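Okay, run29.txt is below, compact mmCIF, C-alpha atoms and all ligand atoms:
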```
# COMPACT_ATOMS: atom_id res chain seq x y z
CA MET C 358 73.34 -32.64 36.35
CA SER C 359 72.06 -33.94 39.66
CA LEU C 360 69.55 -31.86 41.57
CA THR C 361 69.04 -34.24 44.46
CA THR C 362 68.71 -32.79 47.94
CA GLU C 363 71.38 -35.24 49.19
CA PRO C 364 74.30 -34.93 49.57
CA HIS C 365 74.59 -31.30 50.58
CA ASN C 366 75.95 -28.49 48.41
CA THR C 367 79.70 -28.36 48.20
CA ILE C 368 79.49 -24.57 47.74
CA ALA C 369 78.82 -22.87 51.09
CA GLY C 370 77.30 -19.61 49.85
CA ALA C 371 75.42 -18.22 46.86
CA PHE C 372 73.34 -15.17 46.00
CA GLY C 373 69.61 -15.49 45.37
CA ILE C 374 67.33 -13.02 43.60
CA ASP C 375 63.55 -13.21 43.47
CA ILE C 376 62.09 -11.29 40.53
CA GLY C 377 58.42 -10.57 41.19
CA GLY C 378 55.73 -8.34 39.74
CA SER C 379 56.17 -5.57 42.31
CA GLY C 380 59.64 -6.07 43.75
CA ILE C 381 63.06 -7.55 43.03
CA LYS C 382 64.57 -8.96 46.22
CA GLY C 383 68.01 -10.38 46.80
CA ALA C 384 70.29 -11.65 49.55
CA PRO C 385 73.36 -13.80 50.01
CA VAL C 386 72.43 -17.22 51.34
CA ASP C 387 74.28 -19.51 53.72
CA LEU C 388 73.62 -22.85 52.04
CA VAL C 389 74.55 -24.90 55.08
CA VAL C 390 71.49 -23.66 56.95
CA GLY C 391 69.39 -22.17 54.13
CA GLU C 392 69.24 -18.68 55.63
CA PHE C 393 70.24 -15.19 54.53
CA SER C 394 73.77 -14.33 55.57
CA ALA C 395 73.08 -10.56 55.23
CA ASP C 396 69.94 -8.44 55.17
CA ARG C 397 67.76 -8.75 52.10
CA VAL C 398 67.58 -5.77 49.72
CA ARG C 399 64.40 -4.95 47.80
CA ILE C 400 64.00 -2.61 44.86
CA PRO C 401 60.77 -1.95 42.95
CA THR C 402 60.30 -3.85 39.70
CA PRO C 403 60.66 -1.33 36.82
CA LYS C 404 57.55 -0.49 34.84
CA PRO C 405 57.25 -1.64 32.13
CA ALA C 406 59.17 -4.73 33.30
CA THR C 407 61.01 -5.34 30.06
CA PRO C 408 64.05 -7.66 30.03
CA LYS C 409 66.51 -4.77 29.70
CA ALA C 410 64.98 -2.72 32.53
CA VAL C 411 64.73 -5.72 34.87
CA ALA C 412 68.32 -6.82 34.12
CA ALA C 413 69.56 -3.28 34.93
CA ALA C 414 67.64 -3.37 38.23
CA VAL C 415 69.13 -6.78 39.08
CA ALA C 416 72.62 -5.40 38.37
CA GLU C 417 71.93 -2.45 40.68
CA LEU C 418 70.78 -4.82 43.42
CA ILE C 419 73.84 -7.07 43.10
CA ASP C 420 76.15 -4.04 43.08
CA SER C 421 74.75 -2.95 46.44
CA PHE C 422 76.54 -6.00 47.91
CA ASP C 423 80.25 -6.67 47.94
CA LEU C 424 80.15 -10.18 46.48
CA PRO C 425 83.08 -12.35 45.42
CA HIS C 426 83.06 -12.52 41.63
CA GLU C 427 82.86 -16.31 41.59
CA MET C 428 79.82 -16.49 43.88
CA PRO C 429 76.99 -18.32 42.07
CA VAL C 430 73.96 -16.13 41.36
CA GLY C 431 70.47 -17.58 40.99
CA VAL C 432 67.39 -15.70 39.84
CA THR C 433 63.75 -16.72 39.97
CA PHE C 434 61.29 -15.75 37.29
CA PRO C 435 57.51 -16.31 37.18
CA ALA C 436 57.50 -18.23 33.90
CA ILE C 437 58.56 -21.52 32.35
CA ILE C 438 62.36 -21.38 32.27
CA GLN C 439 63.94 -24.02 30.09
CA HIS C 440 67.72 -23.96 29.88
CA GLY C 441 67.69 -20.27 30.80
CA VAL C 442 65.02 -19.22 28.30
CA ALA C 443 61.57 -17.88 29.34
CA LEU C 444 58.89 -19.77 27.42
CA SER C 445 55.78 -18.19 28.92
CA ALA C 446 54.62 -14.92 30.48
CA ALA C 447 51.36 -15.50 32.35
CA ASN C 448 51.70 -12.56 34.76
CA VAL C 449 54.72 -10.71 33.32
CA ASP C 450 55.57 -8.55 30.31
CA ASP C 451 55.09 -10.50 27.04
CA SER C 452 58.47 -9.33 25.78
CA TRP C 453 60.06 -11.98 28.04
CA ILE C 454 58.82 -14.86 25.90
CA GLY C 455 61.81 -16.32 24.08
CA THR C 456 64.28 -14.22 26.10
CA ASN C 457 67.32 -15.97 27.50
CA VAL C 458 66.97 -14.68 31.06
CA GLU C 459 70.40 -15.99 32.04
CA LYS C 460 72.15 -14.25 29.14
CA VAL C 461 70.34 -10.91 29.58
CA ILE C 462 71.15 -10.77 33.29
CA ALA C 463 74.70 -12.09 32.81
CA LYS C 464 75.32 -9.28 30.31
CA ALA C 465 74.03 -6.61 32.71
CA THR C 466 75.85 -7.98 35.77
CA GLY C 467 79.03 -9.46 34.30
CA ARG C 468 78.32 -12.66 36.25
CA ARG C 469 77.28 -16.20 35.40
CA VAL C 470 73.62 -16.49 36.30
CA HIS C 471 71.29 -19.47 36.75
CA ALA C 472 67.57 -18.78 36.15
CA VAL C 473 64.69 -20.92 37.42
CA ASN C 474 60.91 -20.75 37.67
CA ASP C 475 59.83 -18.96 40.85
CA ALA C 476 57.74 -21.83 42.25
CA ASP C 477 60.52 -24.33 41.48
CA ALA C 478 62.93 -22.19 43.51
CA ALA C 479 60.52 -21.75 46.43
CA GLY C 480 59.52 -25.40 46.42
CA PHE C 481 63.07 -26.68 46.20
CA ALA C 482 63.96 -24.52 49.21
CA GLU C 483 61.05 -26.05 51.15
CA ALA C 484 62.27 -29.54 50.21
CA LEU C 485 65.84 -28.77 51.20
CA TYR C 486 65.41 -26.64 54.32
CA GLY C 487 61.71 -26.13 55.05
CA ALA C 488 58.35 -27.85 55.46
CA ALA C 489 59.26 -30.86 53.27
CA ARG C 490 62.78 -31.37 54.59
CA GLY C 491 63.59 -35.07 54.83
CA GLN C 492 60.36 -36.13 53.09
CA GLU C 493 60.85 -39.11 50.78
CA GLY C 494 58.76 -39.83 47.70
CA VAL C 495 56.67 -37.26 45.84
CA VAL C 496 56.49 -33.74 47.29
CA LEU C 497 54.26 -31.18 45.67
CA VAL C 498 54.69 -27.53 46.59
CA VAL C 499 51.97 -25.16 45.38
CA THR C 500 52.29 -21.38 45.73
CA LEU C 501 49.08 -19.36 45.90
CA GLY C 502 49.52 -15.72 44.87
CA THR C 503 48.73 -13.68 41.76
CA GLY C 504 48.99 -16.98 39.91
CA ILE C 505 49.40 -20.57 41.06
CA GLY C 506 52.94 -21.92 40.92
CA SER C 507 53.89 -25.56 41.33
CA CYS C 508 57.03 -27.48 42.17
CA LEU C 509 57.40 -31.24 42.04
CA VAL C 510 60.28 -32.86 43.92
CA VAL C 511 60.63 -36.64 43.65
CA ASP C 512 62.99 -38.28 46.14
CA GLY C 513 64.87 -34.99 46.33
CA THR C 514 65.09 -34.40 42.56
CA LEU C 515 63.35 -31.37 41.09
CA VAL C 516 61.11 -32.02 38.08
CA PRO C 517 61.11 -28.45 36.70
CA ASN C 518 58.37 -26.39 35.07
CA THR C 519 55.32 -28.47 36.00
CA GLU C 520 53.07 -25.36 35.66
CA LEU C 521 50.13 -26.99 37.42
CA GLY C 522 48.54 -23.58 37.92
CA HIS C 523 47.43 -23.76 34.31
CA LEU C 524 45.64 -27.09 34.44
CA GLU C 525 42.28 -26.71 32.78
CA ILE C 526 39.67 -27.59 35.40
CA ASP C 527 35.91 -27.33 34.75
CA GLY C 528 36.70 -25.34 31.60
CA HIS C 529 38.87 -22.73 33.35
CA ASP C 530 42.56 -22.03 33.67
CA ALA C 531 42.90 -23.24 37.30
CA GLU C 532 44.73 -20.17 38.60
CA SER C 533 41.99 -17.84 37.33
CA ARG C 534 39.61 -19.51 39.87
CA ALA C 535 41.81 -20.72 42.72
CA ALA C 536 44.78 -18.33 43.02
CA ASP C 537 44.82 -15.97 45.99
CA SER C 538 44.22 -13.13 43.52
CA ALA C 539 40.87 -14.75 42.60
CA ARG C 540 39.90 -14.81 46.30
CA GLU C 541 40.70 -11.10 46.56
CA ARG C 542 39.23 -10.08 43.21
CA GLU C 543 35.93 -11.88 43.83
CA ASP C 544 35.89 -11.08 47.54
CA LEU C 545 35.45 -14.79 48.37
CA SER C 546 35.02 -15.92 51.96
CA TRP C 547 37.64 -18.40 53.23
CA LYS C 548 35.01 -21.14 52.94
CA GLU C 549 34.16 -20.23 49.33
CA TRP C 550 37.81 -20.10 48.38
CA ALA C 551 38.49 -23.39 50.17
CA GLU C 552 35.83 -25.04 48.00
CA ARG C 553 37.76 -23.97 44.92
CA LEU C 554 41.02 -25.13 46.47
CA GLN C 555 39.39 -28.48 47.30
CA ARG C 556 38.48 -28.94 43.63
CA TYR C 557 41.95 -27.87 42.52
CA PHE C 558 43.94 -30.03 44.94
CA SER C 559 41.68 -33.05 44.34
CA VAL C 560 42.50 -32.94 40.62
CA VAL C 561 46.22 -32.46 41.29
CA GLU C 562 46.22 -35.24 43.87
CA GLY C 563 44.48 -37.54 41.40
CA LEU C 564 47.26 -36.90 38.88
CA PHE C 565 50.36 -37.13 41.10
CA SER C 566 49.44 -38.89 44.39
CA PRO C 567 51.91 -36.79 46.37
CA ASP C 568 53.15 -38.02 49.75
CA LEU C 569 53.11 -34.46 51.04
CA ILE C 570 51.61 -31.20 49.76
CA VAL C 571 53.15 -27.91 50.90
CA VAL C 572 51.26 -24.66 50.36
CA GLY C 573 53.30 -21.47 49.92
CA GLY C 574 52.71 -17.88 48.83
CA GLY C 575 51.92 -14.91 51.07
CA VAL C 576 48.48 -16.26 52.01
CA SER C 577 50.06 -19.38 53.53
CA LYS C 578 50.67 -17.25 56.62
CA LYS C 579 46.88 -17.44 57.11
CA HIS C 580 46.83 -21.21 56.57
CA GLU C 581 44.62 -21.87 59.59
CA LYS C 582 41.77 -20.09 57.74
CA PHE C 583 41.67 -22.53 54.82
CA LEU C 584 43.94 -25.58 55.11
CA PRO C 585 41.77 -27.24 57.83
CA LEU C 586 38.79 -26.99 55.44
CA LEU C 587 40.50 -29.22 52.85
CA ASP C 588 40.02 -32.97 52.71
CA LEU C 589 42.78 -34.76 50.79
CA ARG C 590 44.55 -38.12 51.07
CA ALA C 591 47.96 -36.53 51.50
CA PRO C 592 48.91 -34.33 54.43
CA ILE C 593 48.76 -30.67 53.37
CA VAL C 594 50.93 -28.25 55.35
CA PRO C 595 51.97 -24.59 55.14
CA ALA C 596 55.37 -23.60 53.80
CA SER C 597 57.83 -22.63 56.49
CA LEU C 598 60.31 -20.34 54.72
CA PHE C 599 57.70 -17.78 53.62
CA ASN C 600 59.12 -14.96 51.51
CA ALA C 601 62.70 -16.20 51.91
CA ALA C 602 61.94 -19.36 49.94
CA GLY C 603 62.46 -17.97 46.42
CA ILE C 604 65.80 -16.37 47.24
CA VAL C 605 67.07 -19.41 49.15
CA GLY C 606 65.95 -21.84 46.43
CA ALA C 607 67.45 -19.74 43.63
CA ALA C 608 70.76 -19.61 45.48
CA ALA C 609 70.74 -23.37 46.18
CA LEU C 610 69.93 -24.27 42.58
CA ALA C 611 72.58 -21.85 41.27
CA ALA C 612 75.19 -23.49 43.50
CA ARG C 613 74.20 -26.94 42.28
CA SER C 614 74.31 -25.82 38.67
CA ALA C 615 77.77 -24.24 39.18
CA THR C 616 79.06 -27.42 40.84
CA ALA C 617 77.71 -29.55 38.00
CA ALA C 618 79.30 -27.25 35.37
CA ASP C 619 82.78 -27.23 36.96
C1 LIG I 701 53.14 -18.91 35.93
C2 LIG I 701 54.18 -19.77 36.62
C3 LIG I 701 54.53 -19.20 37.98
C4 LIG I 701 53.28 -18.95 38.78
C5 LIG I 701 53.58 -18.27 40.11
C6 LIG I 701 51.96 -18.72 36.84
O1 LIG I 701 51.02 -17.89 36.23
O2 LIG I 701 52.71 -19.53 34.73
O3 LIG I 701 55.33 -19.88 35.82
O4 LIG I 701 55.37 -20.10 38.64
O5 LIG I 701 52.38 -18.12 38.07
O6 LIG I 701 54.18 -17.04 39.93
```
Kindly return the structure encoded in the file as structure tokens.
Ligand code: BGC
Amino acid sequence: MSLTTEPHNTIAGAFGIDIGGSGIKGAPVDLVVGEFSADRVRIPTPKPATPKAVAAAVAELIDSFDLPHEMPVGVTFPAIIQHGVALSAANVDDSWIGTNVEKVIAKATGRRVHAVNDADAAGFAEALYGAARGQEGVVLVVTLGTGIGSCLVVDGTLVPNTELGHLEIDGHDAESRAADSAREREDLSWKEWAERLQRYFSVVEGLFSPDLIVVGGGVSKKHEKFLPLLDLRAPIVPASLFNAAGIVGAAALAARSATAAD
């Protein structure tokens, strides 16, 4: 299966769903331009967020749209997703580990579903339509939120599940020190947080020598507070699709997977 960003999708539209800790958001996506083709719908993530409860909520969300049955559906999930199966659960209910996310949601919705890691979806959308569009070589997209998500795209091909938020740096799981949640929890100033980000990105840059680093997650809207404080070899820029990235990337990857399967 080819995941390159060129040539363009042959499927013009797909549905993307972003499953997060507090909300499940979905919208149909126009894959020619990488934008929603109808307003996004958000429903709260059920508590506890067990596979069955989340799958039922996803079905409810999809049913609120009148979608053609054959439209590819992509879902993001904040865990390692290998061939549809969740292999980790850093910030989600443990019962997901070992669950085939694609099968559980396909059963609840009656549709073929493609599941991907949340940062892979967001990063792939940035590579295809956003801040890294047209960039050759190694693109690293890092999302800073509750955890740290990472997405590596090499000459347009996604290398999935890099999980660079869990690098062990100075004896700590990196995201426990450098995620946006650590800044909030410890009430760090922008300067203090930027020092942690400097350490984090220096290690990551030493490992991958990216040509471009894109920073996503909600806090990237405040990029002028911390990105100028970082000193790296590669240019480091804010994401441009913001909270649309996960939905758009999930839809794009689902369309590619459906094309490859046909
Ligand atoms: C998870 C990743 C996820 C990231 C962002 C990390 O804790 O391990 O799978 O991409 O958080 O949600």
Residue neighbourhood stretch 502-517 of chain C, 6 Å, all atoms listed in the file, exclusion window fewer than 2 positions, as a ChimeraX atom specification: /C:360-362,476-477,480,493-500,519-522,532,536-538,574
Those residues with C-alpha atoms, as a PDB file, in the coordinates of the input please?
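Listed below is the output, out23.pdb:
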```pdb
ATOM      1  CA  LEU C 360      69.550 -31.860  41.570  1.00  0.00           C
ATOM      2  CA  THR C 361      69.040 -34.240  44.460  1.00  0.00           C
ATOM      3  CA  THR C 362      68.710 -32.790  47.940  1.00  0.00           C
ATOM      4  CA  ALA C 476      57.740 -21.830  42.250  1.00  0.00           C
ATOM      5  CA  ASP C 477      60.520 -24.330  41.480  1.00  0.00           C
ATOM      6  CA  GLY C 480      59.520 -25.400  46.420  1.00  0.00           C
ATOM      7  CA  GLU C 493      60.850 -39.110  50.780  1.00  0.00           C
ATOM      8  CA  GLY C 494      58.760 -39.830  47.700  1.00  0.00           C
ATOM      9  CA  VAL C 495      56.670 -37.260  45.840  1.00  0.00           C
ATOM     10  CA  VAL C 496      56.490 -33.740  47.290  1.00  0.00           C
ATOM     11  CA  LEU C 497      54.260 -31.180  45.670  1.00  0.00           C
ATOM     12  CA  VAL C 498      54.690 -27.530  46.590  1.00  0.00           C
ATOM     13  CA  VAL C 499      51.970 -25.160  45.380  1.00  0.00           C
ATOM     14  CA  THR C 500      52.290 -21.380  45.730  1.00  0.00           C
ATOM     15  CA  THR C 519      55.320 -28.470  36.000  1.00  0.00           C
ATOM     16  CA  GLU C 520      53.070 -25.360  35.660  1.00  0.00           C
ATOM     17  CA  LEU C 521      50.130 -26.990  37.420  1.00  0.00           C
ATOM     18  CA  GLY C 522      48.540 -23.580  37.920  1.00  0.00           C
ATOM     19  CA  GLU C 532      44.730 -20.170  38.600  1.00  0.00           C
ATOM     20  CA  ALA C 536      44.780 -18.330  43.020  1.00  0.00           C
ATOM     21  CA  ASP C 537      44.820 -15.970  45.990  1.00  0.00           C
ATOM     22  CA  SER C 538      44.220 -13.130  43.520  1.00  0.00           C
ATOM     23  CA  GLY C 574      52.710 -17.880  48.830  1.00  0.00           C
TER      24      GLY C 574
END
```
C:Pro385, C:Arg468, C:Val458, C:Pro401 ranked by distance to C:Ala615, top pick (using all atoms listed in the file): C:Arg468
Neighbouring residues of C:Ala369 were defined as those with any atom within 8 Å, considering only C-alpha atoms; residues of the same chain fewer than 5 positions away were excluded. Please report them as a short mmCIF file (atom, residue, chain, number, x, y, z; two decimals) with C-alpha atoms, in the coordinates of the input.
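part-v1.cif, written as the output of this step:
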```cif
data_model
loop_
_atom_site.label_atom_id
_atom_site.label_comp_id
_atom_site.auth_asym_id
_atom_site.auth_seq_id
_atom_site.Cartn_x
_atom_site.Cartn_y
_atom_site.Cartn_z
CA ASP C 387 74.28 -19.51 53.72
CA LEU C 388 73.62 -22.85 52.04
CA VAL C 389 74.55 -24.90 55.08
#
```
For atom CA of C:Leu589 and atom CA of C:Arg534, the interatomic separation in Å (one decimal): 19.0 Å
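Shortest separation to ligand LIG 701 (chain I) among C:Thr616, C:Asn474, C:Ser559, C:Ser546 occurs at residue C:Asn474, atoms counted being only C-alpha atoms and all ligand atoms.
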For C:Ser533, list every protein, DNA or RNA residue within 12 Å, evaluated using only C-alpha atoms, and leave out those in the same chain fewer than 4 positions away; present the list as a CSV table (one decimal) with C-alpha atoms, in the frame of the given file.
```csv
chain,number,residue,atom,x,y,z
C,447,ALA,CA,51.4,-15.5,32.4
C,448,ASN,CA,51.7,-12.6,34.8
C,501,LEU,CA,49.1,-19.4,45.9
C,502,GLY,CA,49.5,-15.7,44.9
C,503,THR,CA,48.7,-13.7,41.8
C,504,GLY,CA,49.0,-17.0,39.9
C,505,ILE,CA,49.4,-20.6,41.1
C,522,GLY,CA,48.5,-23.6,37.9
C,523,HIS,CA,47.4,-23.8,34.3
C,524,LEU,CA,45.6,-27.1,34.4
C,525,GLU,CA,42.3,-26.7,32.8
C,526,ILE,CA,39.7,-27.6,35.4
C,527,ASP,CA,35.9,-27.3,34.8
C,528,GLY,CA,36.7,-25.3,31.6
C,529,HIS,CA,38.9,-22.7,33.4
C,537,ASP,CA,44.8,-16.0,46.0
C,538,SER,CA,44.2,-13.1,43.5
C,539,ALA,CA,40.9,-14.8,42.6
C,540,ARG,CA,39.9,-14.8,46.3
C,541,GLU,CA,40.7,-11.1,46.6
C,542,ARG,CA,39.2,-10.1,43.2
C,543,GLU,CA,35.9,-11.9,43.8
C,553,ARG,CA,37.8,-24.0,44.9
C,554,LEU,CA,41.0,-25.1,46.5
C,557,TYR,CA,42.0,-27.9,42.5
```
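Here atom CA of C:Ala607 is placed at a distance of 7.9 Å from atom CA of C:His471.
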Å distance separating atom CA of C:Leu564 from atom CA of C:Ser597, one decimal place: 25.0 Å
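Distances here use all atoms listed in the file; by that measure, the residue among C:Gly563, C:Pro585, C:Pro403, C:Gly573 closest to C:Ala551 is C:Pro585.
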Step by step, gather every atom of stretch 382-393 of chain C that the file lists, find the box along x, y and z that holds them, add 4 Å on each side, and finally give centre and edge lengths in Å to one decimal, as JSON.
```
{"center_x": 69.6, "center_y": -16.9, "center_z": 51.6, "size_x": 18.0, "size_y": 23.9, "size_z": 18.7}
```
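Distances to C:Leu424 were evaluated for C:Ile454, C:Val561, C:Ile381, C:Ala395 using all atoms listed in the file, and the minimum falls at C:Ala395.
Distances here use only C-alpha atoms and all ligand atoms; by that measure, the residue among C:His426, C:Asp450, C:Ser445, C:Ser421 closest to ligand LIG 701 (chain I) is C:Ser445.
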Excluding C:Val430 and its own-chain neighbours fewer than 2 positions away, which residues fall within 12 Å of it when counting all atoms listed in the file? Please give them as an mmCIF file with C-alpha atoms, in the coordinates of the input.
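The resulting file, out-v4.cif, is shown below:
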```
data_model
loop_
_atom_site.group_PDB
_atom_site.id
_atom_site.type_symbol
_atom_site.label_atom_id
_atom_site.label_comp_id
_atom_site.auth_asym_id
_atom_site.auth_seq_id
_atom_site.Cartn_x
_atom_site.Cartn_y
_atom_site.Cartn_z
ATOM 1 C CA ILE C 368 79.490 -24.570 47.740
ATOM 2 C CA GLY C 370 77.300 -19.610 49.850
ATOM 3 C CA ALA C 371 75.420 -18.220 46.860
ATOM 4 C CA PHE C 372 73.340 -15.170 46.000
ATOM 5 C CA GLY C 373 69.610 -15.490 45.370
ATOM 6 C CA ILE C 374 67.330 -13.020 43.600
ATOM 7 C CA ASP C 375 63.550 -13.210 43.470
ATOM 8 C CA GLY C 383 68.010 -10.380 46.800
ATOM 9 C CA ALA C 384 70.290 -11.650 49.550
ATOM 10 C CA PRO C 385 73.360 -13.800 50.010
ATOM 11 C CA VAL C 386 72.430 -17.220 51.340
ATOM 12 C CA VAL C 415 69.130 -6.780 39.080
ATOM 13 C CA ALA C 416 72.620 -5.400 38.370
ATOM 14 C CA LEU C 418 70.780 -4.820 43.420
ATOM 15 C CA ILE C 419 73.840 -7.070 43.100
ATOM 16 C CA LEU C 424 80.150 -10.180 46.480
ATOM 17 C CA PRO C 425 83.080 -12.350 45.420
ATOM 18 C CA HIS C 426 83.060 -12.520 41.630
ATOM 19 C CA GLU C 427 82.860 -16.310 41.590
ATOM 20 C CA MET C 428 79.820 -16.490 43.880
ATOM 21 C CA VAL C 432 67.390 -15.700 39.840
ATOM 22 C CA THR C 433 63.750 -16.720 39.970
ATOM 23 C CA GLU C 459 70.400 -15.990 32.040
ATOM 24 C CA ILE C 462 71.150 -10.770 33.290
ATOM 25 C CA ALA C 463 74.700 -12.090 32.810
ATOM 26 C CA THR C 466 75.850 -7.980 35.770
ATOM 27 C CA GLY C 467 79.030 -9.460 34.300
ATOM 28 C CA ARG C 468 78.320 -12.660 36.250
ATOM 29 C CA ARG C 469 77.280 -16.200 35.400
ATOM 30 C CA VAL C 470 73.620 -16.490 36.300
ATOM 31 C CA HIS C 471 71.290 -19.470 36.750
ATOM 32 C CA ALA C 472 67.570 -18.780 36.150
ATOM 33 C CA VAL C 473 64.690 -20.920 37.420
ATOM 34 C CA ILE C 604 65.800 -16.370 47.240
ATOM 35 C CA VAL C 605 67.070 -19.410 49.150
ATOM 36 C CA GLY C 606 65.950 -21.840 46.430
ATOM 37 C CA ALA C 607 67.450 -19.740 43.630
ATOM 38 C CA ALA C 608 70.760 -19.610 45.480
ATOM 39 C CA ALA C 609 70.740 -23.370 46.180
ATOM 40 C CA LEU C 610 69.930 -24.270 42.580
ATOM 41 C CA ALA C 611 72.580 -21.850 41.270
ATOM 42 C CA ALA C 612 75.190 -23.490 43.500
ATOM 43 C CA ARG C 613 74.200 -26.940 42.280
ATOM 44 C CA SER C 614 74.310 -25.820 38.670
ATOM 45 C CA ALA C 615 77.770 -24.240 39.180
#
```
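You can rank C:Leu584, C:Val449, C:Ile437, C:Ala413 by their closest distance to C:Ala596 using only C-alpha atoms, and at the top of that list sits C:Leu584.
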C:Asp451 surroundings by only C-alpha atoms, 12 Å radius, close-in-sequence under 2 positions cut, as a ChimeraX atom specification: /C:405-408,435-436,443-449,453-456
